[in-house]
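Dumped my_file15.txt below, it's compact mmCIF, C-alpha atoms:
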# COMPACT_ATOMS: atom_id res chain seq x y z
CA MET R 1 0.00 0.00 0.00
CA ALA R 2 2.85 2.40 0.84
CA PHE R 3 4.39 1.95 -2.63
CA ARG R 4 1.03 2.68 -4.28
CA ALA R 5 0.68 5.73 -2.05
CA ILE R 6 4.08 7.07 -3.12
CA ASN R 7 3.10 6.62 -6.76
CA GLY R 8 -0.13 8.49 -6.08
CA LEU R 9 1.74 11.38 -4.45
CA LEU R 10 4.26 11.48 -7.29
CA LEU R 11 1.37 11.72 -9.74
CA ALA R 12 -0.03 14.59 -7.67
CA THR R 13 3.29 16.46 -7.93
CA ILE R 14 3.25 15.96 -11.69
CA PHE R 15 -0.16 17.62 -11.94
CA TRP R 16 0.98 20.46 -9.67
CA SER R 17 3.98 20.95 -11.95
CA ILE R 18 1.73 21.46 -14.97
CA SER R 19 0.47 24.66 -13.35
CA PHE R 20 3.73 26.49 -14.21
CA PRO R 21 3.15 27.00 -17.97
CA LEU R 22 -0.60 27.42 -17.49
CA VAL R 23 -0.20 30.21 -14.92
CA GLN R 24 2.53 31.78 -17.07
CA VAL R 25 0.16 32.06 -20.04
CA LEU R 26 -2.74 33.21 -17.83
CA TYR R 27 -0.78 36.07 -16.24
CA ALA R 28 0.64 37.12 -19.62
CA GLY R 29 -2.87 37.59 -21.00
CA GLN R 30 -4.20 39.28 -17.86
CA ARG R 31 -1.34 41.78 -17.77
CA LEU R 32 -2.26 42.85 -21.30
CA THR R 33 -5.89 43.58 -20.40
CA SER R 34 -5.23 44.74 -16.80
CA PRO R 35 -1.81 46.47 -16.74
CA GLN R 36 -2.72 48.26 -13.50
CA ALA R 37 -3.41 45.00 -11.63
CA SER R 38 -0.79 43.93 -9.10
CA PRO R 39 0.73 40.42 -9.20
CA LEU R 40 -0.72 39.76 -5.74
CA PHE R 41 -4.22 40.66 -6.94
CA LEU R 42 -3.92 38.35 -9.95
CA SER R 43 -2.61 35.46 -7.84
CA THR R 44 -5.35 35.93 -5.23
CA LEU R 45 -8.02 36.14 -7.93
CA LEU R 46 -6.68 32.92 -9.41
CA MET R 47 -6.84 31.17 -6.01
CA THR R 48 -10.44 32.29 -5.48
CA THR R 49 -11.75 31.30 -8.90
CA ARG R 50 -9.63 28.15 -9.22
CA PHE R 51 -10.75 26.66 -5.91
CA ALA R 52 -14.34 27.88 -6.22
CA LEU R 53 -14.65 26.00 -9.50
CA ALA R 54 -12.91 22.96 -7.97
CA ALA R 55 -15.41 23.05 -5.08
CA LEU R 56 -18.29 23.17 -7.56
CA VAL R 57 -17.00 20.15 -9.48
CA VAL R 58 -16.31 18.06 -6.37
CA GLY R 59 -19.60 19.25 -4.83
CA VAL R 60 -21.58 17.81 -7.73
CA TRP R 61 -19.60 14.59 -7.40
CA CYS R 62 -20.35 14.42 -3.67
CA LEU R 63 -24.06 14.92 -4.29
CA LEU R 64 -24.04 11.95 -6.63
CA ARG R 65 -21.84 9.64 -4.54
CA ASP R 66 -21.41 10.66 -0.88
CA ARG R 67 -24.35 12.93 0.01
CA SER R 68 -22.98 13.59 3.49
CA CYS R 69 -20.06 15.03 5.38
CA THR R 70 -19.09 13.87 8.85
CA ARG R 71 -17.90 16.19 11.61
CA HIS R 72 -14.31 14.91 11.33
CA GLU R 73 -14.34 15.36 7.55
CA LEU R 74 -15.58 18.93 7.98
CA HIS R 75 -12.90 19.71 10.57
CA GLN R 76 -10.10 18.21 8.49
CA GLY R 77 -11.22 20.01 5.34
CA LEU R 78 -11.34 23.35 7.17
CA TRP R 79 -7.85 22.87 8.62
CA LEU R 80 -6.49 21.86 5.20
CA ALA R 81 -8.13 24.94 3.68
CA PHE R 82 -6.66 27.23 6.34
CA TYR R 83 -3.10 25.91 6.18
CA GLY R 84 -3.06 25.36 2.41
CA GLY R 85 -4.68 28.71 1.60
CA LEU R 86 -2.44 30.56 4.06
CA GLY R 87 0.67 28.90 2.65
CA MET R 88 -0.19 29.75 -0.95
CA TRP R 89 -1.13 33.33 -0.06
CA LEU R 90 2.11 33.89 1.87
CA GLN R 91 4.07 32.43 -1.03
CA ALA R 92 2.31 34.71 -3.51
CA ASP R 93 2.91 37.81 -1.39
CA ALA R 94 6.54 36.84 -0.76
CA LEU R 95 7.24 36.91 -4.50
CA ALA R 96 6.59 40.66 -4.46
CA PHE R 97 9.43 41.20 -1.97
CA THR R 98 12.07 38.61 -2.81
CA LYS R 99 13.43 36.66 -5.76
CA ALA R 100 11.45 33.69 -7.03
CA SER R 101 14.53 31.49 -6.50
CA THR R 102 14.79 32.51 -2.85
CA CYS R 103 11.07 31.95 -2.29
CA ALA R 104 11.22 28.52 -3.94
CA PHE R 105 14.18 27.47 -1.82
CA LEU R 106 12.80 28.67 1.52
CA THR R 107 9.36 27.21 0.84
CA GLN R 108 10.95 23.75 0.70
CA ALA R 109 11.95 24.19 4.34
CA TYR R 110 9.01 21.95 5.24
CA CYS R 111 11.36 19.08 4.31
CA VAL R 112 13.43 20.16 7.33
CA PHE R 113 10.51 20.97 9.63
CA LEU R 114 8.80 17.59 9.20
CA PRO R 115 11.74 15.47 10.47
CA LEU R 116 12.09 17.87 13.41
CA VAL R 117 8.42 17.38 14.30
CA ALA R 118 8.83 13.60 13.98
CA ALA R 119 11.89 13.71 16.25
CA ILE R 120 9.97 15.67 18.90
CA ARG R 121 6.99 13.30 18.68
CA THR R 122 9.03 10.10 18.93
CA ARG R 123 11.84 11.55 21.09
CA ARG R 124 14.32 10.05 18.68
CA ALA R 125 16.77 11.84 16.42
CA PRO R 126 16.14 11.49 12.68
CA SER R 127 17.91 8.52 11.16
CA PRO R 128 21.04 9.07 9.04
CA GLN R 129 19.03 8.19 5.92
CA VAL R 130 16.49 10.92 6.64
CA ILE R 131 19.22 13.49 7.35
CA ILE R 132 21.02 12.62 4.11
CA ALA R 133 17.78 12.72 2.12
CA VAL R 134 16.82 16.14 3.51
CA ALA R 135 20.31 17.49 2.79
CA LEU R 136 20.13 16.18 -0.78
CA VAL R 137 16.72 17.78 -1.30
CA MET R 138 17.80 21.19 -0.03
CA LEU R 139 20.99 21.09 -2.13
CA GLY R 140 18.96 19.99 -5.14
CA ILE R 141 16.44 22.81 -4.67
CA ALA R 142 19.32 25.28 -4.36
CA CYS R 143 20.69 24.07 -7.70
CA LEU R 144 17.31 24.12 -9.44
CA SER R 145 16.34 27.57 -8.17
CA GLY R 146 19.76 29.10 -8.64
CA VAL R 147 19.65 30.61 -5.17
CA SER R 148 22.88 31.93 -3.64
CA THR R 149 23.97 33.21 -0.25
CA ASN R 150 23.83 36.77 -1.62
CA ASP R 151 20.05 36.42 -2.00
CA PHE R 152 19.37 36.18 1.74
CA HIS R 153 18.74 39.26 3.85
CA PHE R 154 15.59 38.08 5.67
CA GLY R 155 13.20 40.83 4.82
CA ARG R 156 9.46 40.51 4.41
CA GLY R 157 9.69 38.15 1.43
CA GLU R 158 12.04 35.73 3.15
CA ILE R 159 10.02 35.72 6.38
CA GLU R 160 6.78 35.09 4.48
CA SER R 161 8.41 32.24 2.54
CA ILE R 162 9.44 30.54 5.79
CA LEU R 163 5.98 31.10 7.31
CA GLY R 164 4.51 29.59 4.15
CA ALA R 165 6.73 26.53 4.67
CA VAL R 166 5.39 26.29 8.25
CA ALA R 167 1.82 26.42 6.91
CA PHE R 168 2.55 23.65 4.37
CA THR R 169 4.14 21.61 7.17
CA MET R 170 0.93 21.88 9.19
CA GLN R 171 -1.13 20.93 6.12
CA ILE R 172 0.92 17.76 5.65
CA LEU R 173 0.66 16.90 9.35
CA CYS R 174 -3.10 17.45 9.26
CA LEU R 175 -3.49 14.62 6.76
CA ASP R 176 -1.55 12.33 9.11
CA HIS R 177 -3.57 13.07 12.26
CA PRO R 178 -5.03 9.83 13.67
CA LYS R 179 -8.30 11.59 14.53
CA PHE R 180 -9.02 11.91 10.82
CA ALA R 181 -8.26 8.30 9.90
CA GLY R 182 -11.05 6.88 7.79
CA ASN R 183 -12.19 10.23 6.39
CA ARG R 184 -13.36 10.10 2.79
CA THR R 185 -11.42 11.99 0.15
CA ARG R 186 -14.28 13.71 -1.69
CA PRO R 187 -16.02 15.41 1.26
CA VAL R 188 -12.67 16.51 2.73
CA SER R 189 -11.58 17.92 -0.64
CA LEU R 190 -14.91 19.71 -1.09
CA VAL R 191 -14.59 21.49 2.25
CA MET R 192 -10.93 22.26 1.56
CA PHE R 193 -11.58 23.79 -1.87
CA GLY R 194 -14.60 25.77 -0.71
CA GLY R 195 -12.73 26.97 2.35
CA ILE R 196 -9.78 28.27 0.32
CA ALA R 197 -12.11 30.08 -2.08
CA LEU R 198 -14.02 31.73 0.78
CA MET R 199 -10.81 32.62 2.61
CA THR R 200 -9.20 34.33 -0.39
CA MET R 201 -12.31 36.05 -1.76
CA PRO R 202 -12.15 39.09 0.63
CA PHE R 203 -8.49 39.64 -0.31
CA THR R 204 -9.40 39.51 -4.00
CA LEU R 205 -12.03 42.23 -3.50
CA LEU R 206 -9.67 44.28 -1.32
CA LEU R 207 -6.73 44.09 -3.72
CA ALA R 208 -8.74 44.81 -6.88
CA PRO R 209 -7.72 48.25 -8.23
CA GLU R 210 -11.40 48.75 -9.14
CA PRO R 211 -14.47 46.47 -9.14
CA LYS R 212 -14.48 45.91 -12.88
CA ALA R 213 -10.83 44.79 -12.75
CA ILE R 214 -12.03 41.35 -11.66
CA VAL R 215 -14.23 40.95 -14.73
CA THR R 216 -11.53 42.37 -16.99
CA ALA R 217 -8.97 39.85 -15.69
CA LEU R 218 -11.37 36.94 -16.08
CA VAL R 219 -12.25 37.78 -19.70
CA ALA R 220 -8.58 38.11 -20.69
CA PRO R 221 -7.53 35.90 -23.62
CA ASN R 222 -8.09 32.23 -22.72
CA ALA R 223 -8.37 33.11 -19.01
CA LEU R 224 -11.46 31.03 -18.30
CA TRP R 225 -10.09 27.99 -20.13
CA LEU R 226 -6.82 28.21 -18.23
CA ILE R 227 -8.57 28.61 -14.86
CA PHE R 228 -10.73 25.59 -15.69
CA ALA R 229 -7.62 23.54 -16.54
CA LEU R 230 -5.91 24.63 -13.31
CA SER R 231 -9.03 23.77 -11.33
CA ILE R 232 -9.36 20.26 -12.73
CA LEU R 233 -5.74 19.20 -13.21
CA CYS R 234 -3.94 21.06 -10.43
CA SER R 235 -6.70 21.20 -7.81
CA VAL R 236 -9.33 18.47 -8.17
CA ILE R 237 -6.93 15.77 -9.36
CA ALA R 238 -3.69 16.83 -7.64
CA TYR R 239 -5.13 17.61 -4.21
CA GLY R 240 -7.53 14.69 -4.52
CA LEU R 241 -4.53 12.37 -4.92
CA MET R 242 -2.79 14.07 -2.00
CA ASN R 243 -5.80 13.73 0.30
CA ARG R 244 -6.35 10.13 -0.78
CA TRP R 245 -2.84 8.68 -0.54
CA GLN R 246 -0.81 10.73 1.92
CA PRO R 247 -2.26 9.05 5.07
CA PHE R 248 -0.56 5.80 3.98
CA VAL R 249 2.97 7.21 4.33
CA SER R 250 4.70 9.25 7.00
CA PRO R 251 4.74 13.07 6.86
CA VAL R 252 8.53 12.93 6.33
CA GLN R 253 8.21 10.64 3.35
CA ALA R 254 5.32 12.68 1.95
CA GLY R 255 7.31 15.93 2.25
CA LEU R 256 10.29 14.43 0.45
CA THR R 257 8.01 13.08 -2.27
CA TYR R 258 6.47 16.53 -2.77
CA SER R 259 9.99 17.91 -3.21
CA MET R 260 9.95 16.25 -6.65
CA GLU R 261 7.62 19.00 -7.85
CA PRO R 262 10.46 21.42 -8.80
CA VAL R 263 12.10 18.58 -10.73
CA PHE R 264 8.96 17.92 -12.76
CA THR R 265 8.42 21.67 -13.17
CA ALA R 266 11.94 22.09 -14.56
CA ALA R 267 11.40 19.17 -16.93
CA PHE R 268 8.09 20.57 -18.19
CA ALA R 269 9.62 24.04 -18.57
CA VAL R 270 12.00 22.66 -21.20
CA PHE R 271 9.21 21.98 -23.72
CA LEU R 272 5.73 22.74 -22.39
CA PRO R 273 5.58 26.60 -22.38
CA SER R 274 5.98 26.90 -26.15
CA MET R 275 3.46 24.10 -26.74
CA VAL R 276 0.84 25.69 -24.50
CA GLY R 277 1.65 29.13 -25.86
CA ALA R 278 1.27 28.00 -29.47
CA TRP R 279 -2.07 26.37 -28.66
CA LEU R 280 -3.37 29.52 -26.98
CA GLY R 281 -1.73 32.04 -29.28
CA ALA R 282 0.87 33.31 -26.80
CA ASP R 283 4.60 33.66 -27.47
CA LEU R 284 6.30 31.78 -24.63
CA LYS R 285 9.90 30.62 -24.58
CA ASN R 286 11.06 27.29 -23.23
CA GLU R 287 13.79 27.12 -20.62
CA THR R 288 17.12 25.57 -21.53
CA ILE R 289 18.65 22.57 -19.81
CA THR R 290 21.55 23.56 -17.57
CA LEU R 291 24.10 21.62 -15.56
CA ALA R 292 22.59 23.01 -12.33
CA MET R 293 19.16 21.75 -13.40
CA ILE R 294 20.53 18.26 -14.05
CA LEU R 295 22.49 18.13 -10.77
CA GLY R 296 19.51 19.42 -8.79
CA GLY R 297 17.18 16.86 -10.32
CA ILE R 298 19.62 14.03 -9.64
CA MET R 299 20.06 14.98 -5.98
CA ILE R 300 16.32 15.25 -5.29
CA THR R 301 15.67 11.97 -7.09
CA LEU R 302 18.42 10.24 -5.09
CA ALA R 303 16.87 11.59 -1.88
CA ASN R 304 13.52 10.04 -2.78
CA LEU R 305 15.07 6.73 -3.80
CA LEU R 306 16.88 6.64 -0.47
CA ILE R 307 13.72 7.24 1.55
CA ILE R 308 11.69 4.73 -0.50
CA ARG R 309 14.06 1.98 0.68
CA TYR R 310 12.53 2.16 4.15
CA PRO R 311 10.62 -1.06 4.90
CA HIS R 312 7.78 0.67 6.81
CA SER R 313 5.05 2.98 5.58
CA HIS R 314 5.97 5.46 8.34
CA PRO R 315 9.76 5.60 8.21
CA SER R 316 10.02 8.58 10.54
CA GLU R 317 8.37 6.81 13.43
Let me see the structure of the file written as structure tokens.
Amino acid sequence: MAFRAINGLLLATIFWSISFPLVQVLYAGQRLTSPQASPLFLSTLLMTTRFALAALVVGVWCLLRDRSCTRHELHQGLWLAFYGGLGMWLQADALAFTKASTCAFLTQAYCVFLPLVAAIRTRRAPSPQVIIAVALVMLGIACLSGVSTNDFHFGRGEIESILGAVAFTMQILCLDHPKFAGNRTRPVSLVMFGGIALMTMPFTLLLAPEPKAIVTALVAPNALWLIFALSILCSVIAYGLMNRWQPFVSPVQAGLTYSMEPVFTAAFAVFLPSMVGAWLGADLKNETITLAMILGGIMITLANLLIIRYPHSHPSE
């Protein structure tokens, strides 16, 4: 079961990685029609509409299949919405105050936080394999993002990136809580998606330069199609896989598996932007393969292969 769960989480990271070229095209079109809109407004608007649509899709599915939501499912979905929505919002705001490479690197700090939490819970130091795997992941992320020591000054962007990593850590731990064992994926996902949409909606209205800016951004070239794709592929499917399979592995193993997302993103960035751009009529350039990209991908992959060798489904315990 643990091996199937890892495959499910890897598939989830692949769908999350697809969001990179889709969001790139979406923002390019929205900046043309709404040049006065801030990046934070556009990212918050995307969160609201993306997860509202995801909640609608899963809600219809629940009406047909589940038709109920238990108290534990409601509580877990609300906590997942709070931590996940907070983490994504902090990450989006951090990008306005620090480099994307720095934000990407610091956000992966949940790979460090999770073994620390496991050590406190079990009163045992992380095993050498876990320490090596975490070190490989952080080095790999540093290579992939191109971050350097000169990028760190711990201003608002860096602090928000670390707080975002804390929020993602809590989201991962929430799926592992024994109180929520046996919860069904669809009702939990429905509450999670609806909760994120409701949580980000006030910020969308507050950050809008004017009321009609929301409509203008949504009717930008291909905007609705892209939001629909992000809702289905990167929300309904990706988070559905996460909510379904993560309880079968430890939080440490789940966090290291999620660290494969930058690897898949880098791989997709080599060919997918131009393909999506050509399909939607946008001129997007692919990224080129670099030695740092290859080294980073190898180190993160080695870290995951190392942690997969554990014989138990909860290697941190």
- Message: If I take atom CA of Thr257 of chain R and atom CA of Ala5 of chain R, how far is one from the other in Å, to one decimal?
- Response: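 Value for the atom CA of Thr257 of chain R-atom CA of Ala5 of chain R distance: 10.4 Å.
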- Quick one: pull the distance between atom CA of Ala181 of chain R and atom CA of Met242 of chain R, Å, one decimal. 14.3 Å
- Message: Between R:Ile162, R:Leu190, R:Leu9, R:Ala104, which residue has the minimum interatomic distance to Leu56 of chain R, considering all atoms listed in the file?
- Response: R:Leu190
- Query: What's the 9 Å shell around segment 30-35 of chain R, counting all atoms listed in the file, without same-chain residues fewer than 3 positions away, as a ChimeraX atom specification?
  - Reply: /R:25-27,38-39,42,213,216-221,223
Segment 111-158 of chain R residues near segment 95-103 of chain R within 10 Å, closest pair each, using all atoms listed in the file, as a tab-separated table:
residue	atom	partner	partner_atom	distance
R:Ile141	CA	R:Ser101	CA	9.1
R:Ala142	CA	R:Ser101	CA	8.1
R:Cys143	CA	R:Ser101	CA	9.7
R:Leu144	CA	R:Ser101	CA	8.4
R:Ser145	CA	R:Ser101	CA	4.6
R:Gly146	CA	R:Ser101	CA	6.1
R:Val147	CA	R:Ser101	CA	5.4
R:Ser148	CA	R:Thr102	CA	8.1
R:Thr149	CA	R:Thr102	CA	9.6
R:Asp151	CA	R:Thr102	CA	6.6
R:Phe152	CA	R:Thr102	CA	7.5
R:His153	CA	R:Thr98	CA	9.4
R:Phe154	CA	R:Thr98	CA	9.2
R:Gly155	CA	R:Phe97	CA	7.8
R:Arg156	CA	R:Phe97	CA	6.4
R:Gly157	CA	R:Phe97	CA	4.6
R:Glu158	CA	R:Thr98	CA	6.6
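Among the candidates R:Phe193, R:Met138, R:Asn183, R:Ala165, the residue lying nearest to Ile237 of chain R is R:Phe193 (atoms considered: all atoms listed in the file).
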- Residue with the minimum atom-to-atom distance to Val263 of chain R, picked from R:Ala109, R:Ala229, R:Met293, R:Met170 with all atoms listed in the file counted, is R:Met293
- Message: Using only C-alpha atoms - which residues lie no farther than 9 Å from the point (-17.8, 5.3, -3.2) in the file's frame? Write them as an NGL selection string.
- Response: :R and (65-66 or 184)
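Minimum atom-to-atom distance to Leu45 of chain R, evaluated using only C-alpha atoms, belongs to R:Met199 out of R:Leu241, R:Met199, R:Leu291, R:Met299.
Remark: for Gln246 of chain R, the closest of the candidate residues R:Val134, R:Cys69, R:Leu175, R:Leu40 is R:Leu175 (distances computed over all atoms listed in the file).
Going from atom CA of Leu302 of chain R to atom CA of Gly140 of chain R covers 9.8 Å.
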